[in-house]
$ cat entry.pdb   # PDB, C-alpha atoms, pLDDT in the B column
ATOM      1  CA  MET D  19      -3.630 -24.818  11.031  1.00 76.00           C
ATOM      2  CA  LEU D  20      -6.733 -22.634  10.748  1.00 87.00           C
ATOM      3  CA  VAL D  21      -4.828 -19.690  12.249  1.00 84.00           C
ATOM      4  CA  LEU D  22      -2.080 -20.002   9.638  1.00 86.00           C
ATOM      5  CA  ALA D  23      -4.648 -20.144   6.835  1.00 90.00           C
ATOM      6  CA  GLY D  24      -6.315 -17.020   8.229  1.00 93.00           C
ATOM      7  CA  ILE D  25      -2.992 -15.206   8.421  1.00 93.00           C
ATOM      8  CA  VAL D  26      -2.140 -16.135   4.813  1.00 93.00           C
ATOM      9  CA  VAL D  27      -5.579 -14.970   3.615  1.00 95.00           C
ATOM     10  CA  LEU D  28      -5.167 -11.693   5.517  1.00 95.00           C
ATOM     11  CA  HIS D  29      -1.702 -11.246   4.031  1.00 95.00           C
ATOM     12  CA  ILE D  30      -2.905 -11.898   0.478  1.00 96.00           C
ATOM     13  CA  THR D  31      -5.761  -9.449   1.056  1.00 96.00           C
ATOM     14  CA  ALA D  32      -3.288  -6.791   2.177  1.00 96.00           C
ATOM     15  CA  ILE D  33      -1.142  -7.397  -0.914  1.00 97.00           C
ATOM     16  CA  ILE D  34      -4.138  -7.085  -3.232  1.00 97.00           C
ATOM     17  CA  LEU D  35      -5.270  -3.877  -1.547  1.00 96.00           C
ATOM     18  CA  LEU D  36      -1.762  -2.415  -1.803  1.00 96.00           C
ATOM     19  CA  LEU D  37      -1.524  -3.313  -5.487  1.00 96.00           C
ATOM     20  CA  VAL D  38      -4.939  -1.819  -6.271  1.00 95.00           C
ATOM     21  CA  ALA D  39      -4.108   1.335  -4.322  1.00 94.00           C
ATOM     22  CA  THR D  40      -0.827   1.700  -6.190  1.00 94.00           C
ATOM     23  CA  ILE D  41      -2.093   0.928  -9.685  1.00 92.00           C
ATOM     24  CA  ASP D  42      -5.655   2.251  -9.851  1.00 88.00           C
ATOM     25  CA  ASN D  43      -6.307   5.864 -10.857  1.00 82.00           C
ATOM     26  CA  ALA D  44      -8.496   7.011  -7.998  1.00 88.00           C
ATOM     27  CA  TRP D  45      -6.459   8.787  -5.333  1.00 90.00           C
ATOM     28  CA  TRP D  46      -8.140  12.145  -5.982  1.00 90.00           C
ATOM     29  CA  LEU D  47     -11.395  12.612  -7.871  1.00 90.00           C
ATOM     30  CA  THR D  48     -13.571  15.390  -9.215  1.00 89.00           C
ATOM     31  CA  ASP D  49     -16.419  15.237 -11.692  1.00 88.00           C
ATOM     32  CA  SER D  50     -14.017  15.504 -14.629  1.00 88.00           C
ATOM     33  CA  VAL D  51     -10.610  14.454 -13.237  1.00 86.00           C
ATOM     34  CA  ALA D  52      -9.237  11.204 -11.785  1.00 89.00           C
ATOM     35  CA  THR D  53      -5.722  11.379 -10.366  1.00 88.00           C
ATOM     36  CA  ASP D  54      -3.409   8.701  -9.023  1.00 86.00           C
ATOM     37  CA  VAL D  55       0.260   8.678  -8.100  1.00 87.00           C
ATOM     38  CA  TRP D  56       1.275   8.109 -11.735  1.00 89.00           C
ATOM     39  CA  GLY D  57      -0.907  10.314 -13.877  1.00 86.00           C
ATOM     40  CA  ARG D  58      -4.058  12.300 -14.343  1.00 87.00           C
ATOM     41  CA  TRP D  59      -7.123  11.375 -16.378  1.00 89.00           C
ATOM     42  CA  GLU D  60      -9.247  14.279 -17.643  1.00 89.00           C
ATOM     43  CA  LEU D  61     -12.716  13.964 -19.113  1.00 89.00           C
ATOM     44  CA  GLU D  62     -13.014  15.969 -22.320  1.00 88.00           C
ATOM     45  CA  GLY D  63     -16.375  15.493 -23.976  1.00 86.00           C
ATOM     46  CA  SER D  64     -17.038  11.789 -23.614  1.00 86.00           C
ATOM     47  CA  ALA D  65     -13.414  10.599 -23.719  1.00 90.00           C
ATOM     48  CA  TRP D  66     -10.817  10.316 -20.974  1.00 88.00           C
ATOM     49  CA  HIS D  67      -7.339  11.691 -21.766  1.00 89.00           C
ATOM     50  CA  TYR D  68      -4.174  10.829 -19.850  1.00 88.00           C
ATOM     51  CA  THR D  69      -1.649  13.483 -18.834  1.00 84.00           C
ATOM     52  CA  ASN D  70       1.501  13.360 -16.730  1.00 83.00           C
ATOM     53  CA  LEU D  71       1.667  14.767 -13.220  1.00 76.00           C
ATOM     54  CA  LYS D  72       5.154  16.243 -13.559  1.00 66.00           C
ATOM     55  CA  GLY D  73       4.084  19.878 -13.905  1.00 69.00           C
ATOM     56  CA  ASP D  74       1.186  19.761 -11.468  1.00 67.00           C
ATOM     57  CA  TYR D  75       3.009  18.622  -8.319  1.00 74.00           C
ATOM     58  CA  ALA D  76       6.356  19.092  -6.624  1.00 81.00           C
ATOM     59  CA  GLU D  77       8.402  16.322  -8.184  1.00 84.00           C
ATOM     60  CA  GLU D  78      10.311  15.410  -5.008  1.00 90.00           C
ATOM     61  CA  TYR D  79       7.116  14.730  -3.067  1.00 91.00           C
ATOM     62  CA  LEU D  80       5.541  12.888  -5.982  1.00 90.00           C
ATOM     63  CA  GLN D  81       8.564  10.591  -6.251  1.00 92.00           C
ATOM     64  CA  VAL D  82       8.437   9.865  -2.513  1.00 94.00           C
ATOM     65  CA  VAL D  83       4.751   8.924  -2.762  1.00 93.00           C
ATOM     66  CA  GLN D  84       5.425   6.719  -5.803  1.00 93.00           C
ATOM     67  CA  ALA D  85       8.411   5.038  -4.161  1.00 96.00           C
ATOM     68  CA  GLY D  86       6.527   4.505  -0.910  1.00 96.00           C
ATOM     69  CA  ALA D  87       3.611   2.843  -2.694  1.00 95.00           C
ATOM     70  CA  VAL D  88       5.853   0.565  -4.756  1.00 96.00           C
ATOM     71  CA  LEU D  89       8.103  -0.341  -1.827  1.00 97.00           C
ATOM     72  CA  ALA D  90       5.081  -1.173   0.317  1.00 97.00           C
ATOM     73  CA  CYS D  91       3.958  -3.662  -2.337  1.00 97.00           C
ATOM     74  CA  ILE D  92       7.437  -5.169  -2.670  1.00 97.00           C
ATOM     75  CA  PHE D  93       8.005  -5.569   1.080  1.00 97.00           C
ATOM     76  CA  SER D  94       4.544  -7.037   1.579  1.00 97.00           C
ATOM     77  CA  ILE D  95       5.069  -9.632  -1.167  1.00 97.00           C
ATOM     78  CA  LEU D  96       8.521 -10.448   0.204  1.00 97.00           C
ATOM     79  CA  GLY D  97       6.989 -10.785   3.663  1.00 95.00           C
ATOM     80  CA  LEU D  98       4.594 -13.448   2.393  1.00 95.00           C
ATOM     81  CA  PHE D  99       7.373 -15.441   0.740  1.00 95.00           C
ATOM     82  CA  VAL D 100       9.559 -15.186   3.842  1.00 94.00           C
ATOM     83  CA  PHE D 101       6.650 -16.271   6.062  1.00 93.00           C
ATOM     84  CA  VAL D 102       6.030 -19.364   3.932  1.00 92.00           C
ATOM     85  CA  ALA D 103       9.765 -20.135   3.916  1.00 92.00           C
ATOM     86  CA  GLN D 104       9.958 -19.689   7.686  1.00 90.00           C
ATOM     87  CA  LEU D 105       7.073 -22.112   8.155  1.00 87.00           C
ATOM     88  CA  PHE D 106       9.334 -24.845   6.822  1.00 87.00           C
ATOM     89  CA  THR D 107      12.718 -23.722   8.171  1.00 88.00           C
ATOM     90  CA  LEU D 108      12.140 -22.345  11.687  1.00 82.00           C
ATOM     91  CA  SER D 109      12.574 -24.683  14.582  1.00 80.00           C
ATOM     92  CA  LYS D 110       9.693 -24.953  17.037  1.00 81.00           C
ATOM     93  CA  GLY D 111       9.242 -22.137  19.515  1.00 75.00           C
ATOM     94  CA  GLN D 112      10.890 -19.453  17.371  1.00 83.00           C
ATOM     95  CA  ARG D 113       9.125 -16.278  16.267  1.00 85.00           C
ATOM     96  CA  PHE D 114       8.515 -15.035  12.722  1.00 88.00           C
ATOM     97  CA  THR D 115      10.467 -11.843  13.362  1.00 90.00           C
ATOM     98  CA  PHE D 116      11.883 -11.403   9.856  1.00 92.00           C
ATOM     99  CA  SER D 117       8.403 -11.665   8.309  1.00 93.00           C
ATOM    100  CA  GLY D 118       7.137  -9.214  10.914  1.00 93.00           C
ATOM    101  CA  ALA D 119       9.941  -6.775  10.181  1.00 95.00           C
ATOM    102  CA  LEU D 120       9.177  -6.863   6.448  1.00 96.00           C
ATOM    103  CA  MET D 121       5.497  -6.203   7.125  1.00 96.00           C
ATOM    104  CA  LEU D 122       6.261  -3.337   9.487  1.00 96.00           C
ATOM    105  CA  ILE D 123       8.552  -1.810   6.838  1.00 97.00           C
ATOM    106  CA  SER D 124       5.710  -2.192   4.319  1.00 97.00           C
ATOM    107  CA  CYS D 125       3.407  -0.515   6.821  1.00 97.00           C
ATOM    108  CA  LEU D 126       5.839   2.365   7.215  1.00 97.00           C
ATOM    109  CA  CYS D 127       6.190   2.810   3.434  1.00 97.00           C
ATOM    110  CA  VAL D 128       2.456   2.983   2.777  1.00 97.00           C
ATOM    111  CA  MET D 129       1.985   5.313   5.748  1.00 97.00           C
ATOM    112  CA  ILE D 130       4.650   7.687   4.429  1.00 96.00           C
ATOM    113  CA  ALA D 131       3.164   7.634   0.920  1.00 95.00           C
ATOM    114  CA  ALA D 132      -0.416   8.258   2.042  1.00 94.00           C
ATOM    115  CA  SER D 133       0.600  10.864   4.633  1.00 95.00           C
ATOM    116  CA  ILE D 134       2.629  12.908   2.168  1.00 94.00           C
ATOM    117  CA  TYR D 135      -0.152  12.670  -0.407  1.00 91.00           C
ATOM    118  CA  THR D 136      -2.637  13.872   2.213  1.00 90.00           C
ATOM    119  CA  ASP D 137      -0.492  16.752   3.402  1.00 90.00           C
ATOM    120  CA  ILE D 138       1.082  18.036   0.183  1.00 88.00           C
ATOM    121  CA  PHE D 139      -1.322  17.467  -2.705  1.00 86.00           C
ATOM    122  CA  HIS D 140      -4.819  18.866  -3.409  1.00 81.00           C
ATOM    123  CA  LYS D 141      -4.993  21.277  -0.486  1.00 80.00           C
ATOM    124  CA  GLN D 142      -6.696  23.978  -2.559  1.00 81.00           C
ATOM    125  CA  ASP D 143      -8.498  21.686  -5.021  1.00 80.00           C
ATOM    126  CA  GLN D 144     -12.199  20.975  -4.964  1.00 88.00           C
ATOM    127  CA  GLY D 145     -12.820  17.238  -4.984  1.00 89.00           C
ATOM    128  CA  TRP D 146     -12.567  14.180  -2.811  1.00 92.00           C
ATOM    129  CA  PHE D 147     -10.177  11.359  -2.040  1.00 92.00           C
ATOM    130  CA  GLY D 148     -10.917   8.280  -4.093  1.00 91.00           C
ATOM    131  CA  HIS D 149     -11.113   4.610  -3.258  1.00 93.00           C
ATOM    132  CA  SER D 150      -7.423   3.956  -3.973  1.00 93.00           C
ATOM    133  CA  PHE D 151      -6.430   6.477  -1.325  1.00 93.00           C
ATOM    134  CA  ILE D 152      -8.802   4.840   1.156  1.00 95.00           C
ATOM    135  CA  LEU D 153      -7.445   1.390   0.237  1.00 95.00           C
ATOM    136  CA  ALA D 154      -3.921   2.663   0.942  1.00 95.00           C
ATOM    137  CA  TRP D 155      -4.964   3.582   4.499  1.00 96.00           C
ATOM    138  CA  ILE D 156      -6.767   0.274   4.973  1.00 96.00           C
ATOM    139  CA  SER D 157      -3.600  -1.459   3.744  1.00 96.00           C
ATOM    140  CA  PHE D 158      -1.638   0.492   6.322  1.00 96.00           C
ATOM    141  CA  VAL D 159      -3.811  -0.932   9.088  1.00 96.00           C
ATOM    142  CA  LEU D 160      -3.669  -4.492   7.712  1.00 96.00           C
ATOM    143  CA  THR D 161       0.105  -4.475   7.260  1.00 96.00           C
ATOM    144  CA  PHE D 162       0.551  -3.105  10.779  1.00 97.00           C
ATOM    145  CA  ILE D 163      -1.687  -5.815  12.244  1.00 96.00           C
ATOM    146  CA  LEU D 164       0.147  -8.495  10.251  1.00 95.00           C
ATOM    147  CA  GLY D 165       3.525  -7.160  11.359  1.00 95.00           C
ATOM    148  CA  VAL D 166       2.482  -7.356  14.998  1.00 95.00           C
ATOM    149  CA  ILE D 167       0.991 -10.841  14.513  1.00 93.00           C
ATOM    150  CA  TYR D 168       4.204 -12.111  12.910  1.00 92.00           C
ATOM    151  CA  VAL D 169       6.387 -10.682  15.674  1.00 91.00           C
ATOM    152  CA  VAL D 170       4.208 -12.274  18.366  1.00 91.00           C
ATOM    153  CA  LEU D 171       3.506 -15.572  16.575  1.00 86.00           C
ATOM    154  CA  ARG D 172       5.600 -18.610  17.545  1.00 80.00           C
ATOM    155  CA  LYS D 173       6.015 -21.777  15.551  1.00 72.00           C
ATOM    156  CA  LYS D 174       4.371 -24.624  17.407  1.00 72.00           C
ATOM    157  CA  SER D 175       5.407 -28.253  17.321  1.00 60.00           C
ATOM    158  CA  GLU D 176       3.205 -30.585  15.319  1.00 55.00           C
TER     159      GLU D 176
END
$ encode --input "entry.pdb" --output "structure tokens"
Amino acid sequence: MLVLAGIVVLHITAIILLLVATIDNAWWLTDSVATDVWGRWELEGSAWHYTNLKGDYAEEYLQVVQAGAVLACIFSILGLFVFVAQLFTLSKGQRFTFSGALMLISCLCVMIAASIYTDIFHKQDQGWFGHSFILAWISFVLTFILGVIYVVLRKKSE
């Protein structure tokens, strides 16, 4: 029972990290600019002003990064619901393969989003990757670990 509680806590942690990485505006930072996958915040005087990213980046790559981040969140949340449903419906000795597959798909989506963002955007810019970008990579590791755990995990008899 303690193992299942630990897995659920790890899964919820991965979901929260994915949501923060997708929503928060800190993928790329400078002293006066904060950029995420949705927009750009620029410091003018003492006020932050929001602008769109459409003109700054290649739109095809930006849409892939946005879709990857959103799909990673969706598949991870679905994976949690499927895991809880499988706890009550699987017969003993069976594996949580569907939950594992959803988590591995989530892992793939966040990896694609973060990899494209790393390779395509901000190559010539002066600045640094922000905490949301780092959280996306941490989420990649957590979703991969969860996917492997779900594929290996068997339902035991009570």
$ residues_around --input "entry.pdb" --residues "stretch 20-24 of chain D" --least-positions-apart "6" --cutoff "12 Å" --atoms "all atoms listed in the file" --output "MDAnalysis selection string"
chainID D and resid 30:31 98 101:102 105 164 167:168 171:174
$ resolve_selection --input "entry.pdb" --expression "the PyMOL selection byres ((chain D and resi 122-129) around 7)" --output "ChimeraX atom specification"
/D:86-87,89-90,93-94,118-121,130-133,154,158,161-162,165
$ resolve_selection --input "entry.pdb" --expression "the PyMOL selection byres ((chain D and resi 59) around 10)" --output "VMD selection string"
chain D and resid 43 to 44 47 50 to 54 57 to 58 60 to 62 65 to 71
$ closest_residue --input "entry.pdb" --among "D:Phe151, D:Tyr75, D:Phe139, D:Phe106" --to "D:Ile41" --atoms "all atoms listed in the file"
D:Phe151
$ atom_distance --input "entry.pdb" --atom1 "atom CA of D:Val27" --atom2 "atom CA of D:Ser109"
23.3 Å
$ decode --input "entry.pdb" --residues "stretch 116-150 of chain D" --atoms "N, CA, C and O atoms" --output "compact mmCIF listing (two decimals), in the first residue's frame"
# COMPACT_ATOMS: atom_id res chain seq x y z
N PHE D 116 -1.31 0.04 -19.79
CA PHE D 116 -1.95 1.19 -20.42
C PHE D 116 -1.54 2.48 -19.71
O PHE D 116 -1.25 3.50 -20.37
N SER D 117 -1.46 2.45 -18.39
CA SER D 117 -0.97 3.62 -17.64
C SER D 117 0.48 3.92 -18.02
O SER D 117 0.86 5.08 -18.20
N GLY D 118 1.28 2.88 -18.13
CA GLY D 118 2.67 3.05 -18.52
C GLY D 118 2.82 3.62 -19.91
O GLY D 118 3.67 4.49 -20.15
N ALA D 119 1.98 3.17 -20.83
CA ALA D 119 2.03 3.69 -22.20
C ALA D 119 1.68 5.18 -22.23
O ALA D 119 2.33 5.97 -22.92
N LEU D 120 0.66 5.57 -21.46
CA LEU D 120 0.28 6.99 -21.41
C LEU D 120 1.41 7.84 -20.83
O LEU D 120 1.69 8.94 -21.31
N MET D 121 2.08 7.32 -19.82
CA MET D 121 3.19 8.08 -19.23
C MET D 121 4.39 8.15 -20.16
O MET D 121 5.07 9.18 -20.22
N LEU D 122 4.65 7.10 -20.90
CA LEU D 122 5.75 7.14 -21.85
C LEU D 122 5.44 8.07 -23.03
O LEU D 122 6.35 8.74 -23.54
N ILE D 123 4.17 8.17 -23.42
CA ILE D 123 3.78 9.14 -24.45
C ILE D 123 3.95 10.55 -23.91
O ILE D 123 4.43 11.45 -24.60
N SER D 124 3.56 10.77 -22.65
CA SER D 124 3.76 12.07 -22.01
C SER D 124 5.25 12.42 -21.96
O SER D 124 5.64 13.56 -22.24
N CYS D 125 6.05 11.44 -21.63
CA CYS D 125 7.51 11.62 -21.60
C CYS D 125 8.03 12.03 -22.97
O CYS D 125 8.84 12.95 -23.09
N LEU D 126 7.56 11.36 -23.99
CA LEU D 126 7.98 11.68 -25.36
C LEU D 126 7.57 13.09 -25.75
O LEU D 126 8.35 13.84 -26.36
N CYS D 127 6.35 13.49 -25.39
CA CYS D 127 5.86 14.84 -25.75
C CYS D 127 6.69 15.93 -25.10
O CYS D 127 7.07 16.92 -25.74
N VAL D 128 6.97 15.79 -23.81
CA VAL D 128 7.75 16.83 -23.13
C VAL D 128 9.19 16.82 -23.62
O VAL D 128 9.83 17.88 -23.73
N MET D 129 9.73 15.66 -23.98
CA MET D 129 11.08 15.60 -24.52
C MET D 129 11.15 16.33 -25.87
O MET D 129 12.09 17.09 -26.12
N ILE D 130 10.16 16.10 -26.72
CA ILE D 130 10.14 16.75 -28.02
C ILE D 130 10.03 18.26 -27.85
O ILE D 130 10.76 19.03 -28.49
N ALA D 131 9.14 18.71 -26.96
CA ALA D 131 8.96 20.14 -26.75
C ALA D 131 10.23 20.80 -26.23
O ALA D 131 10.68 21.82 -26.77
N ALA D 132 10.83 20.23 -25.21
CA ALA D 132 12.04 20.82 -24.63
C ALA D 132 13.23 20.72 -25.58
O ALA D 132 14.06 21.64 -25.64
N SER D 133 13.33 19.64 -26.34
CA SER D 133 14.44 19.48 -27.27
C SER D 133 14.37 20.50 -28.41
O SER D 133 15.38 21.10 -28.78
N ILE D 134 13.18 20.68 -28.96
CA ILE D 134 13.03 21.66 -30.04
C ILE D 134 13.28 23.06 -29.51
O ILE D 134 13.95 23.87 -30.17
N TYR D 135 12.78 23.36 -28.33
CA TYR D 135 13.03 24.68 -27.74
C TYR D 135 14.53 24.90 -27.54
O TYR D 135 15.04 25.98 -27.82
N THR D 136 15.22 23.88 -27.10
CA THR D 136 16.67 23.99 -26.88
C THR D 136 17.41 24.21 -28.19
O THR D 136 18.31 25.04 -28.27
N ASP D 137 17.02 23.47 -29.21
CA ASP D 137 17.77 23.50 -30.47
C ASP D 137 17.43 24.70 -31.36
O ASP D 137 18.30 25.23 -32.02
N ILE D 138 16.19 25.13 -31.37
CA ILE D 138 15.74 26.12 -32.34
C ILE D 138 15.78 27.55 -31.81
O ILE D 138 16.22 28.46 -32.50
N PHE D 139 15.34 27.76 -30.59
CA PHE D 139 15.15 29.11 -30.08
C PHE D 139 16.36 29.60 -29.26
O PHE D 139 17.02 28.82 -28.60
N HIS D 140 16.62 30.88 -29.31
CA HIS D 140 17.59 31.60 -28.47
C HIS D 140 19.03 31.17 -28.69
O HIS D 140 19.84 31.28 -27.77
N LYS D 141 19.37 30.74 -29.88
CA LYS D 141 20.76 30.34 -30.13
C LYS D 141 21.70 31.55 -30.08
O LYS D 141 22.81 31.44 -29.59
N GLN D 142 21.26 32.67 -30.59
CA GLN D 142 22.11 33.86 -30.65
C GLN D 142 21.84 34.85 -29.52
O GLN D 142 22.53 35.84 -29.40
N ASP D 143 20.82 34.58 -28.71
CA ASP D 143 20.43 35.52 -27.66
C ASP D 143 21.33 35.40 -26.45
O ASP D 143 21.85 34.33 -26.13
N GLN D 144 21.49 36.50 -25.77
CA GLN D 144 22.20 36.52 -24.49
C GLN D 144 21.16 36.35 -23.39
O GLN D 144 20.19 37.08 -23.33
N GLY D 145 21.34 35.37 -22.55
CA GLY D 145 20.39 35.11 -21.47
C GLY D 145 20.60 33.71 -20.95
O GLY D 145 21.64 33.09 -21.19
N TRP D 146 19.62 33.21 -20.25
CA TRP D 146 19.73 31.89 -19.66
C TRP D 146 18.37 31.22 -19.65
O TRP D 146 17.33 31.87 -19.72
N PHE D 147 18.39 29.88 -19.58
CA PHE D 147 17.16 29.13 -19.49
C PHE D 147 16.59 29.28 -18.09
O PHE D 147 17.31 29.21 -17.10
N GLY D 148 15.29 29.47 -18.02
CA GLY D 148 14.63 29.71 -16.75
C GLY D 148 14.17 28.43 -16.06
O GLY D 148 14.37 27.32 -16.55
N HIS D 149 13.52 28.62 -14.93
CA HIS D 149 13.11 27.47 -14.12
C HIS D 149 12.03 26.62 -14.80
O HIS D 149 11.99 25.42 -14.58
N SER D 150 11.20 27.21 -15.62
CA SER D 150 10.18 26.41 -16.32
C SER D 150 10.82 25.44 -17.30
O SER D 150 10.36 24.29 -17.44
